[in-house]
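Q: File input19.txt below, compact mmCIF, C-alpha atoms:
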# COMPACT_ATOMS: atom_id res chain seq x y z
CA MET A 1 78.12 132.90 321.94
CA THR A 2 78.91 129.26 322.41
CA THR A 3 76.44 127.41 324.59
CA CYS A 4 72.83 126.52 323.80
CA GLU A 5 71.69 128.52 326.82
CA GLU A 6 73.25 131.66 325.37
CA PHE A 7 71.59 130.92 322.03
CA GLU A 8 68.26 130.54 323.83
CA VAL A 9 68.70 134.01 325.34
CA ALA A 10 69.47 135.22 321.81
CA VAL A 11 66.21 133.59 320.65
CA GLU A 12 64.32 135.70 323.19
CA MET A 13 66.17 138.83 322.12
CA LYS A 14 65.39 138.13 318.46
CA LEU A 15 61.74 137.51 319.25
CA HIS A 16 61.56 140.97 320.83
CA GLY A 17 63.60 142.76 318.17
CA ALA A 18 66.65 143.40 320.34
CA LEU A 19 69.23 141.22 318.53
CA GLU A 20 71.75 142.86 316.23
CA ALA A 21 72.58 141.59 312.74
CA ALA A 22 75.81 139.68 313.48
CA PRO A 23 74.54 137.66 316.47
CA ALA A 24 71.26 137.09 314.59
CA ALA A 25 73.19 135.47 311.72
CA ALA A 26 75.12 133.28 314.18
CA LEU A 27 71.84 132.28 315.80
CA GLU A 28 70.28 131.34 312.43
CA GLN A 29 73.29 129.18 311.66
CA HIS A 30 73.09 127.48 315.04
CA LEU A 31 69.35 126.84 314.68
CA THR A 32 69.89 124.86 311.47
CA SER A 33 71.93 122.31 313.39
CA CYS A 34 70.39 122.35 316.91
CA ALA A 35 66.97 120.71 317.39
CA SER A 36 66.83 121.69 321.06
CA CYS A 37 67.21 125.43 320.32
CA ARG A 38 64.71 125.16 317.45
CA SER A 39 62.24 123.61 319.83
CA PHE A 40 62.88 126.41 322.36
CA GLN A 41 62.31 129.00 319.63
CA GLN A 42 59.00 127.35 318.68
CA LEU A 43 57.89 127.26 322.30
CA ALA A 44 58.82 130.90 322.93
CA THR A 45 57.02 132.09 319.80
CA HIS A 46 53.99 129.91 320.44
CA THR A 47 53.49 130.85 324.10
CA GLU A 48 53.91 134.55 323.41
CA GLN A 49 51.51 134.52 320.45
CA THR A 50 48.92 132.53 322.39
CA MET A 51 49.08 134.84 325.41
CA ASN A 52 48.83 137.88 323.19
CA LEU A 53 45.96 136.49 321.14
CA GLN A 54 44.00 135.44 324.21
CA ALA A 55 44.29 138.83 325.85
CA THR A 56 43.24 140.52 322.61
CA MET A 57 40.24 138.21 322.17
CA ASP A 58 39.18 138.67 325.77
CA SER A 59 39.55 142.46 325.77
CA ASN A 60 37.63 142.80 322.47
CA GLY A 61 34.43 141.74 324.16
CA PHE A 62 35.11 143.77 327.27
CA ASP A 63 32.69 146.49 328.36
CA TRP A 64 35.16 149.33 328.86
CA GLU A 65 32.47 151.91 329.49
CA ALA A 66 31.18 149.85 332.42
CA MET A 67 34.74 149.54 333.73
CA LYS A 68 35.26 153.29 333.51
CA ASN A 69 32.03 153.82 335.45
CA ARG A 70 33.18 151.29 338.09
CA VAL A 71 36.46 153.20 338.47
CA LYS A 72 34.71 156.56 338.77
CA SER A 73 32.23 155.21 341.28
CA ALA A 74 35.10 153.74 343.39
CA VAL A 75 36.94 157.08 343.25
CA GLU A 76 33.81 158.92 344.39
CA THR A 77 33.31 156.43 347.24
CA ASN A 78 36.92 156.99 348.36
CA HIS A 79 36.42 160.78 348.35
CA ARG A 80 33.21 160.41 350.32
CA ARG A 81 34.91 158.18 352.91
CA THR A 82 37.77 160.64 353.35
CA LEU A 83 35.32 163.48 353.91
CA GLN A 84 33.36 161.34 356.37
CA ARG A 85 36.53 160.54 358.34
CA VAL A 86 37.53 164.20 358.51
CA GLY A 87 34.01 165.10 359.62
CA VAL A 88 33.94 162.43 362.32
CA LEU A 89 37.36 163.52 363.59
CA ALA A 90 36.26 167.16 363.76
CA LEU A 91 33.03 166.20 365.51
CA LEU A 92 34.97 164.14 368.06
CA LEU A 93 37.70 166.66 368.60
CA LEU A 94 35.69 169.85 369.13
CA PRO A 95 33.27 168.74 371.87
CA LEU A 96 36.06 166.82 373.58
CA MET A 97 38.31 169.86 373.64
CA VAL A 98 35.55 172.06 375.00
CA GLY A 99 33.90 169.45 377.24
CA ILE A 100 36.87 167.95 379.00
CA ASN A 101 38.25 171.27 380.03
CA TYR A 102 34.89 172.72 381.09
CA GLY A 103 35.00 175.58 378.64
CA ALA A 104 38.68 176.47 379.02
CA PRO A 105 40.40 177.93 375.92
CA LEU A 106 40.61 175.50 372.98
CA ARG A 107 44.39 175.66 372.83
CA SER A 108 44.54 174.14 376.29
CA PHE A 109 47.21 171.49 376.26
CA PHE A 110 45.34 169.06 378.51
CA SER A 111 42.13 169.05 376.49
CA LEU A 112 44.06 168.58 373.26
CA ALA A 113 46.10 165.73 374.73
CA MET A 114 43.03 164.02 376.18
CA SER A 115 41.18 164.32 372.86
CA LEU A 116 44.07 162.82 370.92
CA ILE A 117 44.39 159.95 373.39
CA PHE A 118 40.67 159.27 373.11
CA ILE A 119 40.76 159.27 369.31
CA ALA A 120 43.83 156.98 369.29
CA VAL A 121 41.99 154.52 371.55
CA VAL A 122 38.93 154.60 369.26
CA VAL A 123 41.08 154.03 366.14
CA VAL A 124 43.01 151.11 367.71
CA ALA A 125 39.82 149.50 369.03
CA SER A 126 37.96 149.81 365.72
CA SER A 127 40.91 148.41 363.76
CA SER A 128 41.21 145.39 366.13
CA TRP A 129 37.49 144.83 365.78
CA ARG A 130 37.75 144.89 361.96
CA TYR A 131 40.59 142.30 361.95
CA ARG A 132 38.60 140.09 364.27
CA LEU A 133 35.66 140.21 361.87
CA ILE A 134 37.88 139.39 358.91
CA ARG A 135 39.53 136.50 360.78
CA GLU A 136 36.14 135.06 361.61
CA GLN A 137 35.13 134.92 357.95
CA GLU A 138 35.65 131.32 356.97
CA GLY A 139 38.06 130.59 354.14
CA ASN A 140 39.06 134.22 353.74
CA ARG A 141 42.70 133.87 354.66
CA GLY A 142 43.80 135.67 351.49
CA GLU A 143 41.72 138.72 352.42
CA TYR A 144 43.11 138.66 355.96
CA LEU A 145 46.71 138.46 354.73
CA PHE A 146 46.07 141.29 352.31
CA ARG A 147 44.64 143.51 355.09
CA TYR A 148 47.44 142.53 357.45
CA ARG A 149 50.06 143.46 354.86
CA ARG A 150 48.36 146.80 354.26
CA ASP A 151 48.17 147.39 357.99
CA LEU A 152 51.91 146.70 358.36
CA GLU A 153 52.67 149.12 355.52
CA GLN A 154 50.55 151.77 357.23
CA ARG A 155 52.23 151.18 360.60
CA ILE A 156 55.68 151.62 359.01
CA SER A 157 54.59 154.83 357.39
CA ARG A 158 53.06 156.06 360.68
CA ALA A 159 56.31 155.29 362.52
CA ARG A 160 58.00 157.88 360.30
CA ARG A 161 55.32 160.44 361.08
CA ALA A 162 55.48 159.64 364.81
CA LEU A 163 59.03 160.98 364.92
CA GLY A 164 57.79 164.33 363.62
CA VAL A 165 54.77 164.33 365.94
CA SER A 166 57.03 163.71 368.95
CA LEU A 167 58.50 167.18 368.41
CA LEU A 168 55.07 168.81 368.79
CA PRO A 169 55.13 169.12 372.63
CA TRP A 170 58.41 171.02 372.35
CA GLY A 171 56.83 173.33 369.78
CA LEU A 172 53.84 173.78 372.09
CA LEU A 173 56.17 174.65 374.94
CA ALA A 174 57.89 177.31 372.84
CA TRP A 175 54.54 178.65 371.61
CA ARG A 176 53.13 179.04 375.12
CA GLY A 177 56.40 180.59 376.24
CA GLU A 178 56.42 178.60 379.45
CA GLY A 179 59.38 177.25 381.38
CA ILE A 180 59.56 174.16 383.60
CA ASP A 181 58.92 176.35 386.62
CA THR A 182 55.15 176.14 385.98
CA VAL A 183 52.98 173.03 386.33
CA HIS A 184 51.88 173.30 382.72
CA GLY A 185 55.43 173.71 381.44
CA LEU A 186 56.66 170.77 383.48
CA SER A 187 53.91 168.49 382.23
CA ILE A 188 54.56 169.50 378.61
CA VAL A 189 58.26 168.67 379.05
CA GLY A 190 57.24 165.34 380.61
CA LEU A 191 54.96 164.58 377.69
CA GLY A 192 57.70 165.65 375.25
CA VAL A 193 60.18 163.24 376.82
CA VAL A 194 57.63 160.40 376.81
CA THR A 195 56.50 160.91 373.20
CA LEU A 196 60.06 161.32 371.92
CA GLY A 197 61.10 158.16 373.79
CA ALA A 198 58.09 156.27 372.42
CA ALA A 199 58.76 157.47 368.86
CA LEU A 200 62.43 156.47 369.10
CA TYR A 201 61.45 153.07 370.50
CA ILE A 202 58.96 152.52 367.63
CA TRP A 203 61.55 153.61 365.08
CA THR A 204 64.43 151.49 366.31
CA VAL A 205 62.67 148.37 367.67
CA GLU A 206 59.14 148.02 366.27
CA ARG A 207 59.64 149.37 362.76
CA PRO A 208 62.38 146.81 361.79
CA ARG A 209 60.17 144.02 363.21
CA TRP A 210 57.16 145.16 361.14
CA GLN A 211 59.39 145.44 358.07
CA ARG A 212 60.62 141.85 358.57
CA GLN A 213 57.03 140.63 358.93
CA LEU A 214 56.03 142.50 355.80
CA ASP A 215 58.92 141.00 353.82
CA THR A 216 57.87 137.48 354.76
CA LEU A 217 54.21 138.17 353.90
CA LYS A 218 54.80 139.76 350.49
CA PRO A 219 53.17 137.79 347.67
CA MET B 1 46.90 149.09 321.07
CA THR B 2 46.76 152.89 321.28
CA GLU B 3 50.34 153.82 322.06
CA LEU B 4 51.29 157.02 323.85
CA SER B 5 54.31 158.81 322.45
CA PRO B 6 56.53 160.71 324.91
CA TYR B 7 55.04 163.91 323.41
CA ASP B 8 51.47 162.69 324.10
CA GLU B 9 52.52 161.72 327.62
CA ALA B 10 53.95 165.18 328.34
CA ALA B 11 50.75 166.82 327.09
CA LEU B 12 48.64 164.43 329.15
CA LEU B 13 50.69 165.12 332.23
CA ALA B 14 50.32 168.87 331.83
CA GLN B 15 46.57 168.38 331.46
CA ALA B 16 46.48 166.11 334.54
CA ARG B 17 48.18 168.78 336.64
CA SER B 18 45.77 171.47 335.49
CA SER B 19 43.63 173.24 338.06
CA SER B 20 40.51 172.55 336.00
CA ALA B 21 38.66 169.39 337.06
CA THR B 22 37.35 168.89 333.51
CA GLU B 23 40.87 168.90 332.08
CA ARG B 24 42.06 166.47 334.74
CA GLU B 25 39.16 164.19 333.90
CA GLN B 26 39.98 164.41 330.19
CA ALA B 27 43.60 163.48 330.91
CA PHE B 28 42.48 160.45 332.91
CA ASN B 29 40.07 159.38 330.16
CA ALA B 30 42.81 159.63 327.55
CA LEU B 31 45.22 157.62 329.70
CA PHE B 32 42.51 155.04 330.41
CA THR B 33 41.79 154.61 326.70
CA ALA B 34 45.47 154.38 325.80
CA THR B 35 46.51 151.83 328.39
CA ARG B 36 43.37 149.82 329.27
CA ARG B 37 44.01 146.89 326.89
CA ASP B 38 47.60 146.41 328.04
CA VAL B 39 46.63 146.77 331.68
CA TYR B 40 43.88 144.20 331.21
CA ALA B 41 46.24 141.78 329.40
CA LEU B 42 48.81 142.15 332.18
CA CYS B 43 46.23 141.59 334.92
CA LEU B 44 44.69 138.65 333.07
CA HIS B 45 48.04 136.87 332.73
CA LEU B 46 48.99 137.59 336.34
CA CYS B 47 45.65 136.74 337.95
CA GLY B 48 44.76 133.81 335.70
CA ASN B 49 41.03 134.50 335.52
CA ARG B 50 38.73 137.17 334.23
CA SER B 51 36.99 138.20 337.48
CA ASP B 52 40.24 138.83 339.33
CA ALA B 53 41.68 140.60 336.28
CA GLU B 54 38.67 142.94 336.20
CA ASP B 55 39.09 143.74 339.89
CA ALA B 56 42.80 144.38 339.37
CA VAL B 57 42.09 146.68 336.40
CA GLN B 58 39.60 148.61 338.52
CA GLU B 59 42.04 148.95 341.44
CA CYS B 60 44.79 149.98 339.07
CA PHE B 61 42.79 152.79 337.48
CA VAL B 62 41.41 153.97 340.82
CA GLY B 63 45.05 154.30 341.93
CA VAL B 64 45.97 156.05 338.68
CA HIS B 65 43.05 158.48 339.03
CA GLN B 66 44.04 159.43 342.57
CA ALA B 67 47.78 159.72 341.99
CA LEU B 68 47.91 161.15 338.46
CA PRO B 69 48.01 164.85 339.50
CA ARG B 70 50.93 164.03 341.85
CA PHE B 71 52.91 161.98 339.28
CA ARG B 72 56.39 163.51 339.21
CA GLY B 73 57.34 162.35 335.72
CA GLU B 74 60.41 160.39 336.81
CA SER B 75 59.50 157.61 334.38
CA ARG B 76 57.25 157.27 331.35
CA LEU B 77 53.59 157.61 332.20
CA SER B 78 52.78 154.18 330.73
CA THR B 79 55.63 152.61 332.78
CA TRP B 80 54.09 154.11 335.92
CA VAL B 81 50.63 152.76 334.98
CA TYR B 82 52.08 149.25 334.40
CA ARG B 83 53.76 149.38 337.83
CA ILE B 84 50.43 150.21 339.46
CA ALA B 85 48.78 147.43 337.43
CA LEU B 86 51.38 144.92 338.66
CA ARG B 87 50.83 145.95 342.26
CA SER B 88 47.05 145.76 341.89
CA ALA B 89 47.21 142.32 340.27
CA TRP B 90 49.51 141.02 343.04
CA GLN B 91 47.15 142.38 345.69
CA VAL B 92 44.06 140.86 344.08
CA ARG B 93 45.91 137.57 343.73
CA ALA B 94 46.89 137.70 347.39
CA ARG B 95 43.22 138.06 348.28
CA HIS B 96 42.19 135.11 346.10
CA PRO B 97 45.26 132.84 346.03
CA ARG B 98 43.51 130.02 344.14
CA GLY B 99 41.44 132.24 341.84
CA ARG B 100 37.71 132.72 342.04
CA GLU B 101 36.70 130.77 339.00
CA ASP B 102 37.86 127.91 336.92
CA LEU B 103 40.05 128.71 333.94
CA GLU B 104 37.38 127.04 331.80
CA GLN B 105 34.96 129.80 332.76
CA GLY B 106 37.41 132.64 332.95
CA LEU B 107 39.45 132.22 329.82
CA GLY B 108 38.47 131.51 326.26
CA LYS B 109 34.84 131.41 327.22
CA PRO B 110 33.18 129.01 324.77
CA SER B 111 30.27 130.42 322.81
CA ASP B 112 26.91 128.66 322.54
CA ALA B 113 27.55 127.57 318.96
CA PRO B 114 29.74 124.48 318.54
CA ALA B 115 33.35 125.56 318.00
CA PRO B 116 35.39 124.23 315.06
CA ASP B 117 38.22 121.83 315.97
CA ASP B 118 41.03 124.34 315.48
CA VAL B 119 39.35 126.94 317.67
CA ALA B 120 38.72 124.33 320.36
CA SER B 121 42.34 123.22 320.14
CA ALA B 122 43.56 126.83 320.43
CA ARG B 123 41.40 127.27 323.53
CA GLN B 124 42.80 124.07 324.99
CA GLN B 125 46.37 125.30 324.43
CA THR B 126 45.53 128.69 325.94
CA ARG B 127 44.14 127.03 329.04
CA GLN B 128 47.23 124.85 329.37
CA ILE B 129 49.55 127.83 329.07
CA HIS B 130 47.56 129.77 331.66
CA ALA B 131 47.45 126.79 334.01
CA ALA B 132 51.23 126.41 333.65
CA MET B 133 51.68 130.16 334.20
CA GLN B 134 49.83 129.97 337.51
CA LYS B 135 52.39 127.44 338.77
CA LEU B 136 55.29 129.80 338.15
CA SER B 137 56.78 132.15 340.71
CA GLU B 138 55.54 135.76 340.86
CA GLU B 139 58.82 136.95 339.35
CA HIS B 140 58.65 134.59 336.37
CA ARG B 141 54.96 135.16 335.72
CA THR B 142 55.48 138.92 335.80
CA VAL B 143 58.31 138.99 333.29
CA LEU B 144 56.46 136.67 330.86
CA SER B 145 53.28 138.75 331.16
CA LEU B 146 55.11 142.00 330.50
CA PHE B 147 56.89 140.64 327.43
CA ALA B 148 53.57 139.30 326.11
CA ILE B 149 52.28 142.88 325.87
CA ASP B 150 52.51 143.88 322.24
CA GLY B 151 54.92 146.76 321.66
CA LEU B 152 56.49 146.80 325.12
CA GLY B 153 60.27 146.78 324.61
CA HIS B 154 62.87 145.27 326.91
CA LYS B 155 63.98 148.71 328.10
CA GLN B 156 60.50 149.56 329.33
CA VAL B 157 60.09 146.10 330.89
CA ALA B 158 63.37 146.68 332.78
CA ASP B 159 62.09 150.08 333.84
CA VAL B 160 58.76 148.67 335.07
CA LEU B 161 60.53 145.96 337.07
CA GLY B 162 63.29 148.28 338.27
CA ILE B 163 66.08 145.96 337.11
CA ALA B 164 69.02 146.22 334.67
CA GLU B 165 68.35 145.65 330.98
CA GLY B 166 70.74 142.67 330.92
CA THR B 167 68.93 141.04 333.83
CA VAL B 168 65.63 141.21 331.94
CA TRP B 169 66.83 138.70 329.32
CA SER B 170 68.20 136.19 331.79
CA ARG B 171 65.01 136.44 333.85
CA LEU B 172 62.84 135.99 330.77
CA HIS B 173 64.91 133.00 329.69
CA SER B 174 64.68 131.26 333.05
CA ALA B 175 60.92 131.99 333.19
CA ARG B 176 60.42 130.50 329.72
CA LYS B 177 62.40 127.38 330.68
CA ARG B 178 60.29 126.99 333.80
CA LEU B 179 57.10 127.44 331.72
CA ALA B 180 58.33 124.81 329.26
CA ALA B 181 58.95 122.40 332.14
CA GLU B 182 55.44 123.02 333.49
CA LEU B 183 53.91 122.55 330.03
CA LEU B 184 55.76 119.25 329.62
CA GLN B 185 54.17 118.01 332.83
CA ALA B 186 50.71 119.04 331.61
CA PRO B 187 48.78 116.56 329.44
CA ALA B 188 49.35 116.86 325.64
CA VAL B 189 50.08 120.37 324.43
CA ALA B 190 50.98 120.96 320.81
CA CYS B 191 53.46 123.77 320.13
As structure tokens - that is how I would like this structure written.
A:
Amino acid sequence: MTTCEEFEVAVEMKLHGALEAAPAAALEQHLTSCASCRSFQQLATHTEQTMNLQATMDSNGFDWEAMKNRVKSAVETNHRRTLQRVGVLALLLLPLMVGINYGAPLRSFFSLAMSLIFIAVVVVASSSWRYRLIREQEGNRGEYLFRYRRDLEQRISRARRALGVSLLPWGLLAWRGEGIDTVHGLSIVGLGVVTLGAALYIWTVERPRWQRQLDTLKP
Amino acid sequence: MTELSPYDEAALLAQARSSSATEREQAFNALFTATRRDVYALCLHLCGNRSDAEDAVQECFVGVHQALPRFRGESRLSTWVYRIALRSAWQVRARHPRGREDLEQGLGKPSDAPAPDDVASARQQTRQIHAAMQKLSEEHRTVLSLFAIDGLGHKQVADVLGIAEGTVWSRLHSARKRLAAELLQAPAVAC
């Protein structure tokens, strides 16, 4: 150790009990002759003690029971919302599957595809509507940025799932045991090509763009 | 501070993964009691005011409650909780970049009775340190806040931040220098 900067690092290590005996002795010797390092040591000790004391004082008067209740209530609300979403999805999906196909079997590819497209449109529209509402709230740019960041994170995670989902039409084709010689089989292959292409496009073009946006927006 | 030994953490984790809802709840309550003060201190230093710190603590423990049964035990349980606390505090801060209340109201809340001079002076210094902290970068504020938690060693700080142990010291040193520079610019602080 030779420079004051290295001694200052040693001051931090000593303050947190990570300095061994020999460097500690060298530091003590240096501190007797260096006013600048002594001043740094005083500042480090003082700021740390003050921060620690303040947090202790503040948390002593804190109502932890109320906080625990707030946490539990938030957890319950989250559970309720998840159940509501599942319920709404099921309610949407079932009548759509039966209704669109005029009572054809539920596993009908067309009714399933139409239902999923409808739900996707509803989800996209409701999310755009929510962002518009947030944007309109005056002086709430922080909230908007927070939501936008979360939305980007969700999109990136969905892009991963989209790759898996794009394999579903091929699975459906195998399950139904149809070839491309039937109208159904041909349309499933068409859908498979389109979804796989879309998923690959999202993965290679959109996902890196969202990631870049997210990196620039991180706090 | 109620510290969790690695043995306590293993027992807690086993309880958290139990199929019984009561046991899972007990595990969460024990973890909440053991880490709440440190989580609050961390959020308070990072957010700079009490309201935001409370929101961050709430978000942190909601996250802990939901993810605890899925925690894979790749790090210490307390390290994992501190990581969630950091993320929650950053998110709350992103929502309220300038803070929702003045430091005067949020920190060192004066009581109705007149405070003695030394207490008033301590409050003044605390406010100055917090004001200076809020001018630092996220990286610097985080490392200073973690080291200010009593009993948190440099190894665990490195683990929470996901950086090498050697890097922790250099980051702490540069953060402290930056804090000193900010304090020098602030009006009269006695160290």
Q: Kindly provide, as a list in words, the residues of chain B having any atom no farther than 6 Å from an atom of chain A, counting all atoms listed in the file.
A: Ala41, Gln58, Val62, Ala94, Arg95, His96, Ala148 and His173 of chain B
Q: Go ahead and dump the residues you just picked, C-alpha atoms, as a CSV table (one decimal), in the coordinates of the input.
A:
chain,number,residue,atom,x,y,z
B,41,ALA,CA,46.2,141.8,329.4
B,58,GLN,CA,39.6,148.6,338.5
B,62,VAL,CA,41.4,154.0,340.8
B,94,ALA,CA,46.9,137.7,347.4
B,95,ARG,CA,43.2,138.1,348.3
B,96,HIS,CA,42.2,135.1,346.1
B,148,ALA,CA,53.6,139.3,326.1
B,173,HIS,CA,64.9,133.0,329.7
Q: Please determine, counting only C-alpha atoms, which residue among B:Gln26, B:His154, B:Leu44, B:His140 has the shortest atom-to-atom distance to Gly166 of chain B.
A: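 Of B:Gln26, B:His154, B:Leu44, B:His140, the one nearest Gly166 of chain B is B:His154, counting only C-alpha atoms.
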Q: For atom CA of Ile163 of chain B and atom CA of Val39 of chain B, determine how far apart the two atoms are, in Å to one decimal place.
A: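 Taking atom CA of Ile163 of chain B and atom CA of Val39 of chain B, their separation equals 20.2 Å.
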Q: Would you mind listing what lies within 9 Å of Glu9 of chain B as a VMD selection string, with all atoms listed in the file counted and same-chain residues fewer than 2 positions away left out?
A: chain B and resid 4 to 7 11 to 14 31 76 to 78
Q: Which residue gives the smallest distance to His130 of chain B among B:Val81, B:Leu68, B:Leu183, B:Val92, with all atoms listed in the file counted?
A: B:Leu183
Q: Quick one: distance from atom CA of Arg83 of chain B to atom CA of Ser19 of chain B in Å, one decimal?
A: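 Between atom CA of Arg83 of chain B and atom CA of Ser19 of chain B the gap is 25.9 Å.
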Q: Give me, please, the distance in Å between atom CA of His65 of chain B and atom CA of Tyr40 of chain B, quoted to one decimal.
A: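 Separation of atom CA of His65 of chain B and atom CA of Tyr40 of chain B: 16.3 Å.
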Q: Around the point (44.3, 161.3, 339.8), in the coordinates given by the file, pick out the residues reaching within 10 Å, counting all atoms listed in the file, and return them as number ranges by chain.
A: A: 75; B: 16-17, 24-25, 27-28, 61-71
Q: Residues near Cys47 of chain B, anyone? I mean within 8 Å using only C-alpha atoms, not counting same-chain ones fewer than 5 positions away, as a PyMOL selection string.
A: chain B and resi 52-53+89-90+92-93+99+134
Q: Can you tell me which residues surround Leu31 of chain A at a distance of at most 10 Å, considering all atoms listed in the file, apart from same-chain residues fewer than 3 positions away, and format the answer as a PyMOL selection string?
A: chain A and resi 4+7-8+11+25-28+34-39+41
